[in-house]
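What follows is the content of coords-v8.pdb (PDB, C-alpha atoms and all ligand atoms).
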```pdb
ATOM      1  CA  MET A   1       9.823  -7.735 -19.415
ATOM      2  CA  ALA A   2      12.025  -5.642 -17.168
ATOM      3  CA  GLU A   3      14.796  -7.320 -15.212
ATOM      4  CA  CYS A   4      14.088  -6.409 -11.686
ATOM      5  CA  PHE A   5      14.587  -7.305  -8.075
ATOM      6  CA  GLN A   6      17.931  -8.933  -8.720
ATOM      7  CA  THR A   7      17.909 -10.876  -5.535
ATOM      8  CA  GLU A   8      20.794 -12.388  -3.706
ATOM      9  CA  THR A   9      20.114 -15.365  -1.515
ATOM     10  CA  GLU A  10      22.262 -16.719   1.291
ATOM     11  CA  ASN A  11      23.965 -19.185  -0.997
ATOM     12  CA  LYS A  12      24.639 -16.303  -3.428
ATOM     13  CA  LYS A  13      22.345 -17.749  -6.092
ATOM     14  CA  ARG A  14      20.708 -14.827  -7.894
ATOM     15  CA  PHE A  15      17.265 -14.767  -9.373
ATOM     16  CA  THR A  16      15.069 -12.056 -10.785
ATOM     17  CA  ILE A  17      11.376 -11.535 -10.333
ATOM     18  CA  PRO A  18       9.902 -10.970 -13.799
ATOM     19  CA  LEU A  19       7.998  -7.687 -13.907
ATOM     20  CA  LYS A  20       5.834  -6.358 -16.742
ATOM     21  CA  GLN A  21       5.180  -2.657 -17.156
ATOM     22  CA  ILE A  22       1.931  -1.335 -15.695
ATOM     23  CA  PRO A  23       0.005   0.121 -18.675
ATOM     24  CA  ARG A  24      -0.102   3.923 -18.944
ATOM     25  CA  PHE A  25      -2.969   5.730 -20.643
ATOM     26  CA  SER A  26      -4.459   9.166 -21.037
ATOM     27  CA  VAL A  27      -7.739   9.722 -19.206
ATOM     28  CA  ASN A  28      -9.277  10.190 -22.674
ATOM     29  CA  ASP A  29      -8.291   6.696 -23.742
ATOM     30  CA  SER A  30     -11.125   4.263 -23.072
ATOM     31  CA  GLN A  31      -8.541   1.578 -22.193
ATOM     32  CA  ALA A  32      -7.859   3.389 -18.887
ATOM     33  CA  ASN A  33     -11.460   3.003 -17.720
ATOM     34  CA  ALA A  34     -11.648  -0.519 -19.151
ATOM     35  CA  LEU A  35      -8.741  -1.600 -16.929
ATOM     36  CA  ILE A  36     -10.294   0.029 -13.851
ATOM     37  CA  ASN A  37     -13.609  -1.698 -14.640
ATOM     38  CA  SER A  38     -11.858  -5.051 -14.772
ATOM     39  CA  ARG A  39      -9.981  -4.263 -11.535
ATOM     40  CA  GLU A  40      -6.561  -4.152 -13.089
ATOM     41  CA  PRO A  41      -3.882  -1.582 -12.279
ATOM     42  CA  VAL A  42      -3.273   1.333 -14.642
ATOM     43  CA  ILE A  43      -1.343   4.603 -14.543
ATOM     44  CA  ILE A  44      -3.388   7.506 -15.861
ATOM     45  CA  THR A  45      -1.236  10.389 -16.944
ATOM     46  CA  ASP A  46      -3.580  13.386 -17.125
ATOM     47  CA  THR A  47      -6.589  13.122 -14.794
ATOM     48  CA  HIS A  48      -5.920  16.529 -13.189
ATOM     49  CA  LEU A  49      -7.150  14.811 -10.029
ATOM     50  CA  VAL A  50      -4.867  16.884  -7.769
ATOM     51  CA  SER A  51      -3.693  19.637 -10.174
ATOM     52  CA  SER A  52      -4.969  22.235  -7.706
ATOM     53  CA  ALA A  53      -2.266  20.969  -5.292
ATOM     54  CA  CYS A  54       0.622  21.018  -7.760
ATOM     55  CA  ASN A  55       2.356  23.796  -5.775
ATOM     56  CA  TRP A  56       2.480  21.731  -2.573
ATOM     57  CA  ASP A  57       5.969  21.387  -1.172
ATOM     58  CA  LEU A  58       7.357  21.360   2.365
ATOM     59  CA  ASP A  59       7.462  25.160   2.671
ATOM     60  CA  TYR A  60       4.018  25.745   1.151
ATOM     61  CA  LEU A  61       2.421  23.063   3.324
ATOM     62  CA  SER A  62       4.089  24.279   6.504
ATOM     63  CA  ARG A  63       2.735  27.780   5.815
ATOM     64  CA  HIS A  64      -0.813  26.690   4.964
ATOM     65  CA  ILE A  65      -1.655  23.259   6.344
ATOM     66  CA  GLY A  66      -2.567  24.602   9.772
ATOM     67  CA  ASP A  67      -1.493  23.643  13.261
ATOM     68  CA  GLY A  68      -3.170  20.247  13.547
ATOM     69  CA  LEU A  69      -1.172  17.156  14.488
ATOM     70  CA  PHE A  70       0.251  14.745  11.909
ATOM     71  CA  THR A  71       1.318  11.123  12.363
ATOM     72  CA  VAL A  72       5.013  10.709  11.632
ATOM     73  CA  TYR A  73       6.642   7.273  11.457
ATOM     74  CA  ARG A  74      10.323   6.771  12.252
ATOM     75  CA  SER A  75      12.282   3.814  10.961
ATOM     76  CA  LYS A  76      15.860   2.758  11.597
ATOM     77  CA  SER A  77      16.088   1.669   7.956
ATOM     78  CA  HIS A  78      14.538   2.801   4.663
ATOM     79  CA  LYS A  79      11.603   0.384   5.206
ATOM     80  CA  PHE A  80       8.286   1.400   6.773
ATOM     81  CA  LYS A  81       6.425  -1.832   7.380
ATOM     82  CA  TYR A  82       2.910  -1.133   8.644
ATOM     83  CA  TYR A  83       1.634  -2.832  11.816
ATOM     84  CA  SER A  84      -1.596  -2.642  13.744
ATOM     85  CA  ASP A  85      -1.244  -1.198  17.253
ATOM     86  CA  LYS A  86      -4.350  -3.045  18.378
ATOM     87  CA  LYS A  87      -3.171  -6.462  17.149
ATOM     88  CA  SER A  88       0.332  -5.940  18.590
ATOM     89  CA  LEU A  89      -1.138  -5.967  22.135
ATOM     90  CA  ALA A  90      -2.094  -9.634  21.656
ATOM     91  CA  ILE A  91       1.421 -10.776  20.632
ATOM     92  CA  LYS A  92       3.999 -10.778  23.435
ATOM     93  CA  GLU A  93       7.162 -11.109  21.396
ATOM     94  CA  PHE A  94       6.272  -8.475  18.760
ATOM     95  CA  THR A  95       8.780  -5.642  18.294
ATOM     96  CA  PRO A  96       7.331  -2.815  16.187
ATOM     97  CA  PRO A  97       9.625  -2.093  13.206
ATOM     98  CA  THR A  98       8.807   1.632  13.323
ATOM     99  CA  SER A  99       7.749   4.094  15.988
ATOM    100  CA  GLN A 100       5.138   6.771  15.504
ATOM    101  CA  GLU A 101       4.461  10.172  16.998
ATOM    102  CA  GLU A 102       2.078  13.068  16.491
ATOM    103  CA  MET A 103       3.530  16.472  15.698
ATOM    104  CA  PRO A 104       2.670  19.744  13.940
ATOM    105  CA  PHE A 105       3.683  19.830  10.251
ATOM    106  CA  GLN A 106       6.326  22.492  10.947
ATOM    107  CA  GLU A 107       8.093  20.184  13.388
ATOM    108  CA  PHE A 108       8.177  17.433  10.748
ATOM    109  CA  VAL A 109       9.712  19.895   8.259
ATOM    110  CA  ASN A 110      12.371  20.858  10.822
ATOM    111  CA  LEU A 111      13.188  17.175  11.331
ATOM    112  CA  ILE A 112      13.554  16.614   7.571
ATOM    113  CA  LYS A 113      15.652  19.751   7.063
ATOM    114  CA  SER A 114      18.012  18.940   9.906
ATOM    115  CA  HIS A 115      18.249  15.263   8.991
ATOM    116  CA  PRO A 116      21.913  14.217   8.742
ATOM    117  CA  LYS A 117      22.594  12.660   5.326
ATOM    118  CA  SER A 118      24.736   9.992   7.009
ATOM    119  CA  SER A 119      21.908   8.792   9.278
ATOM    120  CA  SER A 120      20.145   5.546   8.393
ATOM    121  CA  GLU A 121      17.081   6.643  10.397
ATOM    122  CA  ARG A 122      14.244   7.967   8.267
ATOM    123  CA  ILE A 123      10.850   9.583   8.769
ATOM    124  CA  TYR A 124       7.572   9.368   6.839
ATOM    125  CA  LEU A 125       4.478  11.504   7.456
ATOM    126  CA  GLN A 126       1.182   9.716   6.806
ATOM    127  CA  GLN A 127      -1.954  11.527   7.866
ATOM    128  CA  ALA A 128      -5.516  11.621   6.578
ATOM    129  CA  LEU A 129      -6.427  15.154   5.490
ATOM    130  CA  ASN A 130      -8.959  16.538   7.975
ATOM    131  CA  ASN A 131     -10.745  19.764   8.798
ATOM    132  CA  SER A 132      -7.772  21.198  10.729
ATOM    133  CA  VAL A 133      -6.148  22.314   7.445
ATOM    134  CA  GLY A 134      -5.950  26.033   6.606
ATOM    135  CA  PRO A 135      -8.239  27.833   4.108
ATOM    136  CA  LYS A 136      -5.820  27.672   1.115
ATOM    137  CA  ILE A 137      -5.536  23.883   1.483
ATOM    138  CA  VAL A 138      -9.324  23.615   1.862
ATOM    139  CA  GLU A 139      -9.747  25.544  -1.398
ATOM    140  CA  GLN A 140      -7.250  23.315  -3.237
ATOM    141  CA  PHE A 141      -8.919  20.208  -1.769
ATOM    142  CA  VAL A 142     -12.333  21.415  -2.937
ATOM    143  CA  ASN A 143     -10.794  21.925  -6.388
ATOM    144  CA  PHE A 144      -9.538  18.338  -6.681
ATOM    145  CA  ASN A 145     -11.128  16.756  -9.745
ATOM    146  CA  TRP A 146     -13.952  15.222  -7.706
ATOM    147  CA  SER A 147     -16.167  14.705 -10.744
ATOM    148  CA  TYR A 148     -13.551  12.301 -12.158
ATOM    149  CA  VAL A 149     -13.191  10.105  -9.042
ATOM    150  CA  THR A 150     -16.867  10.271  -8.177
ATOM    151  CA  GLY A 151     -17.646   9.144 -11.739
ATOM    152  CA  LEU A 152     -15.317   6.151 -11.272
ATOM    153  CA  GLN A 153     -16.821   5.388  -7.870
ATOM    154  CA  ARG A 154     -20.281   5.324  -9.408
ATOM    155  CA  SER A 155     -19.444   3.358 -12.554
ATOM    156  CA  ASN A 156     -17.454   0.737 -10.619
ATOM    157  CA  ASN A 157     -19.861   0.447  -7.668
ATOM    158  CA  TRP A 158     -17.196   1.352  -5.144
ATOM    159  CA  GLY A 159     -18.389   2.104  -1.630
ATOM    160  CA  PRO A 160     -17.928   5.483   0.087
ATOM    161  CA  LEU A 161     -14.665   7.440   0.125
ATOM    162  CA  THR A 162     -13.050   6.637   3.488
ATOM    163  CA  SER A 163     -10.096   9.032   3.507
ATOM    164  CA  ASN A 164      -7.510  11.021   1.628
ATOM    165  CA  LEU A 165      -4.170  10.055   3.103
ATOM    166  CA  LEU A 166      -1.391  12.626   2.697
ATOM    167  CA  LEU A 167       2.043  10.992   2.439
ATOM    168  CA  VAL A 168       5.181  13.105   2.743
ATOM    169  CA  GLY A 169       8.414  11.179   2.687
ATOM    170  CA  MET A 170      12.111  11.221   2.025
ATOM    171  CA  PRO A 171      13.765   9.884  -1.153
ATOM    172  CA  GLY A 172      14.474   6.173  -0.732
ATOM    173  CA  ASN A 173      11.649   5.464   1.738
ATOM    174  CA  VAL A 174      10.020   2.109   1.012
ATOM    175  CA  THR A 175       6.592   0.793   1.996
ATOM    176  CA  PRO A 176       7.123  -2.985   1.770
ATOM    177  CA  VAL A 177       4.826  -5.292  -0.135
ATOM    178  CA  HIS A 178       1.266  -5.535   1.281
ATOM    179  CA  TYR A 179      -2.350  -5.351   0.161
ATOM    180  CA  ASP A 180      -5.189  -3.088   1.293
ATOM    181  CA  GLU A 181      -8.881  -3.891   1.632
ATOM    182  CA  GLN A 182      -9.913  -0.758  -0.247
ATOM    183  CA  GLU A 183      -9.832   0.567  -3.789
ATOM    184  CA  ASN A 184      -7.039   3.138  -4.096
ATOM    185  CA  MET A 185      -6.695   5.997  -6.571
ATOM    186  CA  PHE A 186      -3.178   7.084  -5.701
ATOM    187  CA  ALA A 187      -2.211  10.593  -6.876
ATOM    188  CA  GLN A 188       1.381  11.772  -7.046
ATOM    189  CA  ILE A 189       2.152  15.452  -6.384
ATOM    190  CA  ARG A 190       5.927  15.857  -5.954
ATOM    191  CA  GLY A 191       8.818  13.520  -6.782
ATOM    192  CA  SER A 192       8.219  10.071  -8.254
ATOM    193  CA  LYS A 193       7.350   6.697  -6.798
ATOM    194  CA  ARG A 194       8.155   3.282  -8.201
ATOM    195  CA  LEU A 195       5.452   0.716  -7.566
ATOM    196  CA  VAL A 196       5.782  -3.042  -7.780
ATOM    197  CA  LEU A 197       2.435  -4.815  -7.940
ATOM    198  CA  PHE A 198       1.323  -8.433  -7.796
ATOM    199  CA  ASN A 199      -2.063  -9.887  -8.665
ATOM    200  CA  PRO A 200      -4.106 -11.280  -5.713
ATOM    201  CA  ASP A 201      -3.603 -14.732  -7.271
ATOM    202  CA  GLN A 202       0.017 -14.538  -5.993
ATOM    203  CA  PHE A 203      -1.195 -15.048  -2.389
ATOM    204  CA  GLU A 204       0.699 -18.340  -1.951
ATOM    205  CA  ASN A 205       3.877 -16.842  -3.381
ATOM    206  CA  LEU A 206       3.910 -13.897  -0.969
ATOM    207  CA  TYR A 207       3.130 -15.658   2.330
ATOM    208  CA  PRO A 208       0.972 -13.053   4.115
ATOM    209  CA  TYR A 209       1.077 -13.044   7.920
ATOM    210  CA  PRO A 210      -1.928 -14.645   9.685
ATOM    211  CA  VAL A 211      -4.936 -12.292  10.091
ATOM    212  CA  HIS A 212      -4.478 -11.915  13.859
ATOM    213  CA  HIS A 213      -0.824 -10.809  13.474
ATOM    214  CA  PRO A 214       0.056  -7.091  13.773
ATOM    215  CA  HIS A 215       1.508  -7.353  10.240
ATOM    216  CA  ASP A 216      -1.793  -8.688   8.828
ATOM    217  CA  ARG A 217      -2.030  -7.865   5.059
ATOM    218  CA  GLN A 218       1.781  -7.600   4.806
ATOM    219  CA  SER A 219       3.964 -10.176   3.114
ATOM    220  CA  GLN A 220       6.450 -12.011   5.325
ATOM    221  CA  VAL A 221       8.835 -11.944   2.369
ATOM    222  CA  ASP A 222      11.526  -9.298   2.123
ATOM    223  CA  LEU A 223      11.564  -8.804  -1.639
ATOM    224  CA  ASP A 224      15.102  -7.390  -1.518
ATOM    225  CA  ASN A 225      16.500 -10.446   0.207
ATOM    226  CA  PRO A 226      13.990 -13.287   0.372
ATOM    227  CA  ASP A 227      14.609 -16.319   2.527
ATOM    228  CA  LEU A 228      14.088 -19.028  -0.090
ATOM    229  CA  ASN A 229      14.228 -21.814   2.467
ATOM    230  CA  ARG A 230      11.217 -20.425   4.327
ATOM    231  CA  PHE A 231       9.449 -18.983   1.290
ATOM    232  CA  PRO A 232      10.316 -21.187  -1.712
ATOM    233  CA  ASN A 233       7.330 -20.032  -3.820
ATOM    234  CA  VAL A 234       8.971 -16.620  -4.164
ATOM    235  CA  THR A 235      10.786 -17.999  -7.213
ATOM    236  CA  ARG A 236       7.358 -18.345  -8.888
ATOM    237  CA  LEU A 237       6.466 -14.671  -8.430
ATOM    238  CA  CYS A 238       5.715 -12.509 -11.424
ATOM    239  CA  GLY A 239       4.368  -8.999 -11.217
ATOM    240  CA  TYR A 240       4.161  -5.496 -12.594
ATOM    241  CA  GLU A 241       6.101  -2.302 -12.119
ATOM    242  CA  GLY A 242       5.617   1.335 -12.982
ATOM    243  CA  VAL A 243       6.701   4.823 -11.991
ATOM    244  CA  VAL A 244       4.198   7.569 -11.147
ATOM    245  CA  GLY A 245       5.400  11.140 -11.449
ATOM    246  CA  PRO A 246       3.844  14.489 -10.452
ATOM    247  CA  GLY A 247       0.330  14.867 -11.890
ATOM    248  CA  GLU A 248      -0.060  11.125 -12.516
ATOM    249  CA  VAL A 249      -2.432   8.729 -10.812
ATOM    250  CA  ILE A 250      -2.210   4.977 -10.348
ATOM    251  CA  TYR A 251      -5.211   2.785  -9.681
ATOM    252  CA  ILE A 252      -4.254   0.104  -7.112
ATOM    253  CA  PRO A 253      -7.155  -2.338  -7.066
ATOM    254  CA  MET A 254      -8.292  -3.774  -3.743
ATOM    255  CA  TYR A 255      -6.298  -6.877  -2.692
ATOM    256  CA  TRP A 256      -3.522  -6.191  -5.225
ATOM    257  CA  TRP A 257      -0.134  -6.477  -3.528
ATOM    258  CA  HIS A 258       1.997  -3.350  -3.753
ATOM    259  CA  GLN A 259       5.449  -2.182  -2.693
ATOM    260  CA  VAL A 260       6.020   1.572  -2.983
ATOM    261  CA  GLU A 261       9.473   3.172  -3.257
ATOM    262  CA  SER A 262      10.076   6.934  -3.159
ATOM    263  CA  MET A 263      12.599   7.713  -5.875
ATOM    264  CA  THR A 264      15.586   9.974  -5.482
ATOM    265  CA  ASP A 265      14.510  12.557  -8.098
ATOM    266  CA  SER A 266      13.280  15.019  -5.480
ATOM    267  CA  GLU A 267      14.196  16.113  -1.946
ATOM    268  CA  GLU A 268      10.622  15.479  -0.856
ATOM    269  CA  ASN A 269       8.030  13.040  -2.035
ATOM    270  CA  ILE A 270       4.350  13.982  -1.741
ATOM    271  CA  SER A 271       1.289  11.874  -2.600
ATOM    272  CA  VAL A 272      -2.410  11.867  -1.760
ATOM    273  CA  ASN A 273      -4.486   8.737  -2.005
ATOM    274  CA  PHE A 274      -8.231   8.358  -2.420
ATOM    275  CA  TRP A 275      -9.425   5.234  -0.608
ATOM    276  CA  TYR A 276     -12.858   3.798  -1.384
ATOM    277  CA  MET A 277     -14.587   0.978   0.422
ATOM    278  CA  ALA A 278     -15.524  -2.168  -1.444
ATOM    279  CA  GLY A 279     -18.959  -2.067  -3.071
ATOM    280  CA  ASN A 280     -21.490  -4.355  -1.412
ATOM    281  CA  ASN A 281     -23.424  -5.420  -4.457
ATOM    282  CA  GLU A 282     -20.844  -7.660  -6.033
ATOM    283  CA  LYS A 283     -22.236 -10.458  -8.199
ATOM    284  CA  ILE A 284     -20.950 -13.921  -7.360
ATOM    285  CA  GLU A 285     -19.758 -15.613 -10.531
ATOM    286  CA  TYR A 286     -17.911 -18.897 -10.837
ATOM    287  CA  PRO A 287     -15.075 -19.585 -10.923
ATOM    288  CA  LEU A 288     -14.499 -17.104  -8.087
ATOM    289  CA  SER A 289     -11.969 -14.353  -8.736
ATOM    290  CA  ALA A 290      -8.646 -14.281  -6.849
ATOM    291  CA  GLN A 291      -9.952 -11.201  -4.976
ATOM    292  CA  GLN A 292     -12.996 -13.121  -3.790
ATOM    293  CA  LYS A 293     -10.829 -16.046  -2.679
ATOM    294  CA  VAL A 294      -8.558 -13.754  -0.641
ATOM    295  CA  SER A 295     -11.614 -12.194   0.974
ATOM    296  CA  MET A 296     -13.036 -15.667   1.712
ATOM    297  CA  THR A 297      -9.705 -16.841   3.194
ATOM    298  CA  ARG A 298      -9.647 -13.837   5.512
ATOM    299  CA  ASN A 299     -13.225 -14.428   6.667
ATOM    300  CA  ILE A 300     -12.656 -18.131   7.337
ATOM    301  CA  GLU A 301      -9.431 -17.414   9.246
ATOM    302  CA  LYS A 302     -11.187 -14.789  11.353
ATOM    303  CA  MET A 303     -14.127 -17.090  12.038
ATOM    304  CA  ILE A 304     -11.910 -19.994  13.176
ATOM    305  CA  LEU A 305      -9.848 -17.668  15.360
ATOM    306  CA  GLN A 306     -12.953 -16.183  16.928
ATOM    307  CA  ALA A 307     -14.470 -19.605  17.619
ATOM    308  CA  LEU A 308     -11.272 -21.089  19.090
ATOM    309  CA  ASN A 309     -10.418 -17.868  20.910
ATOM    310  CA  ASP A 310      -6.708 -18.777  20.837
ATOM    311  CA  ALA A 311      -4.383 -17.954  17.929
ATOM    312  CA  ASP A 312      -2.131 -20.918  18.809
ATOM    313  CA  GLU A 313      -4.966 -23.349  18.173
ATOM    314  CA  VAL A 314      -5.690 -22.142  14.621
ATOM    315  CA  ALA A 315      -2.910 -23.981  12.756
ATOM    316  CA  PRO A 316      -3.416 -27.394  14.496
ATOM    317  CA  PHE A 317      -7.165 -27.064  13.890
ATOM    318  CA  MET A 318      -6.700 -26.329  10.181
ATOM    319  CA  ARG A 319      -4.165 -29.172   9.857
ATOM    320  CA  MET A 320      -6.573 -31.588  11.514
ATOM    321  CA  MET A 321      -9.275 -30.549   9.070
ATOM    322  CA  VAL A 322      -7.146 -30.960   5.957
ATOM    323  CA  LEU A 323      -4.135 -33.268   6.390
ATOM    324  CA  GLY A 324      -4.762 -36.866   5.364
ATOM    325  CA  ARG A 325      -8.302 -35.980   4.341
ATOM    326  CA  TYR A 326      -8.049 -33.397   1.574
ATOM    327  CA  THR A 327      -4.353 -33.981   0.895
TER     328      THR A 327
HETATM  329  C1  LIG B   1       3.346   4.685   0.049
HETATM  330  O1  LIG B   1       3.066   5.526  -0.812
HETATM  331  O2  LIG B   1       4.463   4.666   0.584
HETATM  332  C2  LIG B   1       2.341   3.650   0.472
HETATM  333  C3  LIG B   1       0.993   3.835  -0.101
HETATM  334  C4  LIG B   1       0.094   2.619   0.027
HETATM  335  O3  LIG B   1       0.557   1.549   0.360
HETATM  336  O4  LIG B   1      -1.111   2.703  -0.206
HETATM  337 FE    FE B   2      -1.148   0.317   0.539
END
```
Could you write out this file's structure as structure tokens?
Amino acid sequence: MAECFQTETENKKRFTIPLKQIPRFSVNDSQANALINSREPVIITDTHLVSSACNWDLDYLSRHIGDGLFTVYRSKSHKFKYYSDKKSLAIKEFTPPTSQEEMPFQEFVNLIKSHPKSSSERIYLQQALNNSVGPKIVEQFVNFNWSYVTGLQRSNNWGPLTSNLLLVGMPGNVTPVHYDEQENMFAQIRGSKRLVLFNPDQFENLYPYPVHHPHDRQSQVDLDNPDLNRFPNVTRLCGYEGVVGPGEVIYIPMYWWHQVESMTDSEENISVNFWYMAGNNEKIEYPLSAQQKVSMTRNIEKMILQALNDADEVAPFMRMMVLGRYT
């Protein structure tokens, strides 16, 4: 078990979150598919999923990706915590932790190249690949190993592919711990990323924001410096970690928590993810899986919120239902 996340609390007591290594297998090893089938994370070393894009770097992309617009996030720190624009309108006191703007790829490259090393501000491009890309990129995209991912989609009853998100970031950028509601085959192209993952059964230990909050699906806990008074269950956390390098793919199952850190082995960090919707023919078996319980929790929260039509009424309503009756 690796010693990781040496964490310093206010009273200077240190604790570590125990992390096991995410298994790594060749695509030819049946254990890789077995883990995907049982919705467990795995790093697969040689899928050739995005080999056709192995020459992508800032210069190559700025020459060939076309003149479409790309979403670029700016953060005053190394953290890029996602928030929903739509949900932020409903919360008066919400201050977005990052700002975002649309710009041509070339402008993003200029920003990166002129970025002062001393500045704590960082940028992170995150844009779904679309039909504005130039012909060379189209050809490389067509030559992704589609038969591999489509085979997985079929054998695991995943829903349709929703998007291929291109992520281009700076060394040290961190996407803090959150979960997604899609299956993710995450392919690394340039530089390495360290991923820390937690099973969906760690829901109570990671204190996700309420569903109506702009930070829905994100943990309220800062893993680097958790507030143990507010989030005491953090001391019960145990998870997984692994590093994906160029040419490697990690399967991040739906509802698995993940924090993603761009390592400092390369000036630029490039990844492409393959997001698939949940399949709709899932068998209900008891006891329910942690994934199913998270999904159920979300649906119940949304239903109560919709019925009450006031986020402030949700907690008192839930307390009234449970306290002194089920407790
Ligand atoms: C990242 O690579 O920084 C985030 C990817 C994800 O959360 O899916
Ligand atoms: Fe994610």
Could you report the residues within 12 Å of ligand FE 2 (chain B), using all atoms listed in the file, as a ChimeraX atom specification? /A:80-82,126,165,167,174-186,195-197,217-219,250-261,272-275
Once 8 Å is added on each side, what are the centre and the three edge lengths, in Å to one decimal, of the axis-aligned box enclosing the listed atoms of region 87-102 of chain A? Present them as JSON.
```
{"center_x": 3.2, "center_y": 1.0, "center_z": 18.3, "size_x": 28.8, "size_y": 40.2, "size_z": 26.2}
```
What's around region 298-305 of chain A at 9 Å? Count only C-alpha atoms, leave out sequence neighbours fewer than 3 positions away in its own chain, and write the answer as an MDAnalysis selection string. chainID A and resid 210:212 293:295 308:311 313:314 317:318
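Minimum atom-to-atom distance to ligand LIG 1 (chain B), evaluated using all atoms listed in the file, belongs to A:Val244 out of A:Ala315, A:Val244, A:Met277, A:Leu288.
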Evaluate the PyMOL selection byres (((chain A and resi 238) around 6) and not hetatm) and report residues as a PyMOL selection string: chain A and resi 17-19+237+239
Keeping C-alpha atoms for every residue in the selection just given, could you write it to a file as a tab-separated table (two decimals), in the coordinates of the input?
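Result saved to part_26.tsv:
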```tsv
chain	number	residue	atom	x	y	z
A	17	ILE	CA	11.38	-11.54	-10.33
A	18	PRO	CA	9.90	-10.97	-13.80
A	19	LEU	CA	8.00	-7.69	-13.91
A	237	LEU	CA	6.47	-14.67	-8.43
A	239	GLY	CA	4.37	-9.00	-11.22
```
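For the pair CA of Thr150 (chain A) and CA of Arg190 (chain A), the separation is 23.6 Å.
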Hits of the PyMOL selection byres (((chain A and resi 242) around 9) and not hetatm) in this structure, as a VMD selection string: chain A and resid 20 to 24 43 193 to 197 240 to 241 243 to 244
Just add N, CA and C atoms to region 268-285 of chain A and send it as a PDB file, in the frame of the given file.
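Generated output (result.pdb):
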```pdb
ATOM      1  N   GLU A 268      11.803  15.871  -1.619  1.00  0.00           N
ATOM      2  CA  GLU A 268      10.622  15.479  -0.856  1.00  0.00           C
ATOM      3  C   GLU A 268       9.645  14.775  -1.794  1.00  0.00           C
ATOM      4  N   ASN A 269       8.944  13.824  -1.232  1.00  0.00           N
ATOM      5  CA  ASN A 269       8.030  13.040  -2.035  1.00  0.00           C
ATOM      6  C   ASN A 269       6.628  13.187  -1.445  1.00  0.00           C
ATOM      7  N   ILE A 270       5.694  13.682  -2.266  1.00  0.00           N
ATOM      8  CA  ILE A 270       4.350  13.982  -1.741  1.00  0.00           C
ATOM      9  C   ILE A 270       3.282  13.272  -2.588  1.00  0.00           C
ATOM     10  N   SER A 271       2.400  12.555  -1.921  1.00  0.00           N
ATOM     11  CA  SER A 271       1.289  11.874  -2.600  1.00  0.00           C
ATOM     12  C   SER A 271       0.022  12.057  -1.772  1.00  0.00           C
ATOM     13  N   VAL A 272      -1.115  11.895  -2.459  1.00  0.00           N
ATOM     14  CA  VAL A 272      -2.410  11.867  -1.760  1.00  0.00           C
ATOM     15  C   VAL A 272      -3.182  10.683  -2.323  1.00  0.00           C
ATOM     16  N   ASN A 273      -3.678   9.816  -1.445  1.00  0.00           N
ATOM     17  CA  ASN A 273      -4.486   8.737  -2.005  1.00  0.00           C
ATOM     18  C   ASN A 273      -5.969   8.905  -1.682  1.00  0.00           C
ATOM     19  N   PHE A 274      -6.768   8.315  -2.544  1.00  0.00           N
ATOM     20  CA  PHE A 274      -8.231   8.358  -2.420  1.00  0.00           C
ATOM     21  C   PHE A 274      -8.659   6.918  -2.191  1.00  0.00           C
ATOM     22  N   TRP A 275      -9.062   6.608  -0.956  1.00  0.00           N
ATOM     23  CA  TRP A 275      -9.425   5.234  -0.608  1.00  0.00           C
ATOM     24  C   TRP A 275     -10.944   5.081  -0.612  1.00  0.00           C
ATOM     25  N   TYR A 276     -11.414   4.083  -1.326  1.00  0.00           N
ATOM     26  CA  TYR A 276     -12.858   3.798  -1.384  1.00  0.00           C
ATOM     27  C   TYR A 276     -13.127   2.406  -0.839  1.00  0.00           C
ATOM     28  N   MET A 277     -14.210   2.294  -0.084  1.00  0.00           N
ATOM     29  CA  MET A 277     -14.587   0.978   0.422  1.00  0.00           C
ATOM     30  C   MET A 277     -15.069   0.086  -0.719  1.00  0.00           C
ATOM     31  N   ALA A 278     -15.023  -1.222  -0.449  1.00  0.00           N
ATOM     32  CA  ALA A 278     -15.524  -2.168  -1.444  1.00  0.00           C
ATOM     33  C   ALA A 278     -17.021  -1.941  -1.619  1.00  0.00           C
ATOM     34  N   GLY A 279     -17.508  -2.138  -2.847  1.00  0.00           N
ATOM     35  CA  GLY A 279     -18.959  -2.067  -3.071  1.00  0.00           C
ATOM     36  C   GLY A 279     -19.603  -3.296  -2.448  1.00  0.00           C
ATOM     37  N   ASN A 280     -20.886  -3.192  -2.072  1.00  0.00           N
ATOM     38  CA  ASN A 280     -21.490  -4.355  -1.412  1.00  0.00           C
ATOM     39  C   ASN A 280     -22.467  -5.113  -2.301  1.00  0.00           C
ATOM     40  N   ASN A 281     -22.450  -4.756  -3.586  1.00  0.00           N
ATOM     41  CA  ASN A 281     -23.424  -5.420  -4.457  1.00  0.00           C
ATOM     42  C   ASN A 281     -22.726  -6.282  -5.510  1.00  0.00           C
ATOM     43  N   GLU A 282     -21.602  -6.888  -5.064  1.00  0.00           N
ATOM     44  CA  GLU A 282     -20.844  -7.660  -6.033  1.00  0.00           C
ATOM     45  C   GLU A 282     -21.559  -8.968  -6.406  1.00  0.00           C
ATOM     46  N   LYS A 283     -21.611  -9.209  -7.728  1.00  0.00           N
ATOM     47  CA  LYS A 283     -22.236 -10.458  -8.199  1.00  0.00           C
ATOM     48  C   LYS A 283     -21.281 -11.619  -7.951  1.00  0.00           C
ATOM     49  N   ILE A 284     -21.800 -12.743  -7.507  1.00  0.00           N
ATOM     50  CA  ILE A 284     -20.950 -13.921  -7.360  1.00  0.00           C
ATOM     51  C   ILE A 284     -21.008 -14.698  -8.666  1.00  0.00           C
ATOM     52  N   GLU A 285     -19.838 -14.830  -9.298  1.00  0.00           N
ATOM     53  CA  GLU A 285     -19.758 -15.613 -10.531  1.00  0.00           C
ATOM     54  C   GLU A 285     -18.676 -16.648 -10.364  1.00  0.00           C
TER      55      GLU A 285
END
```
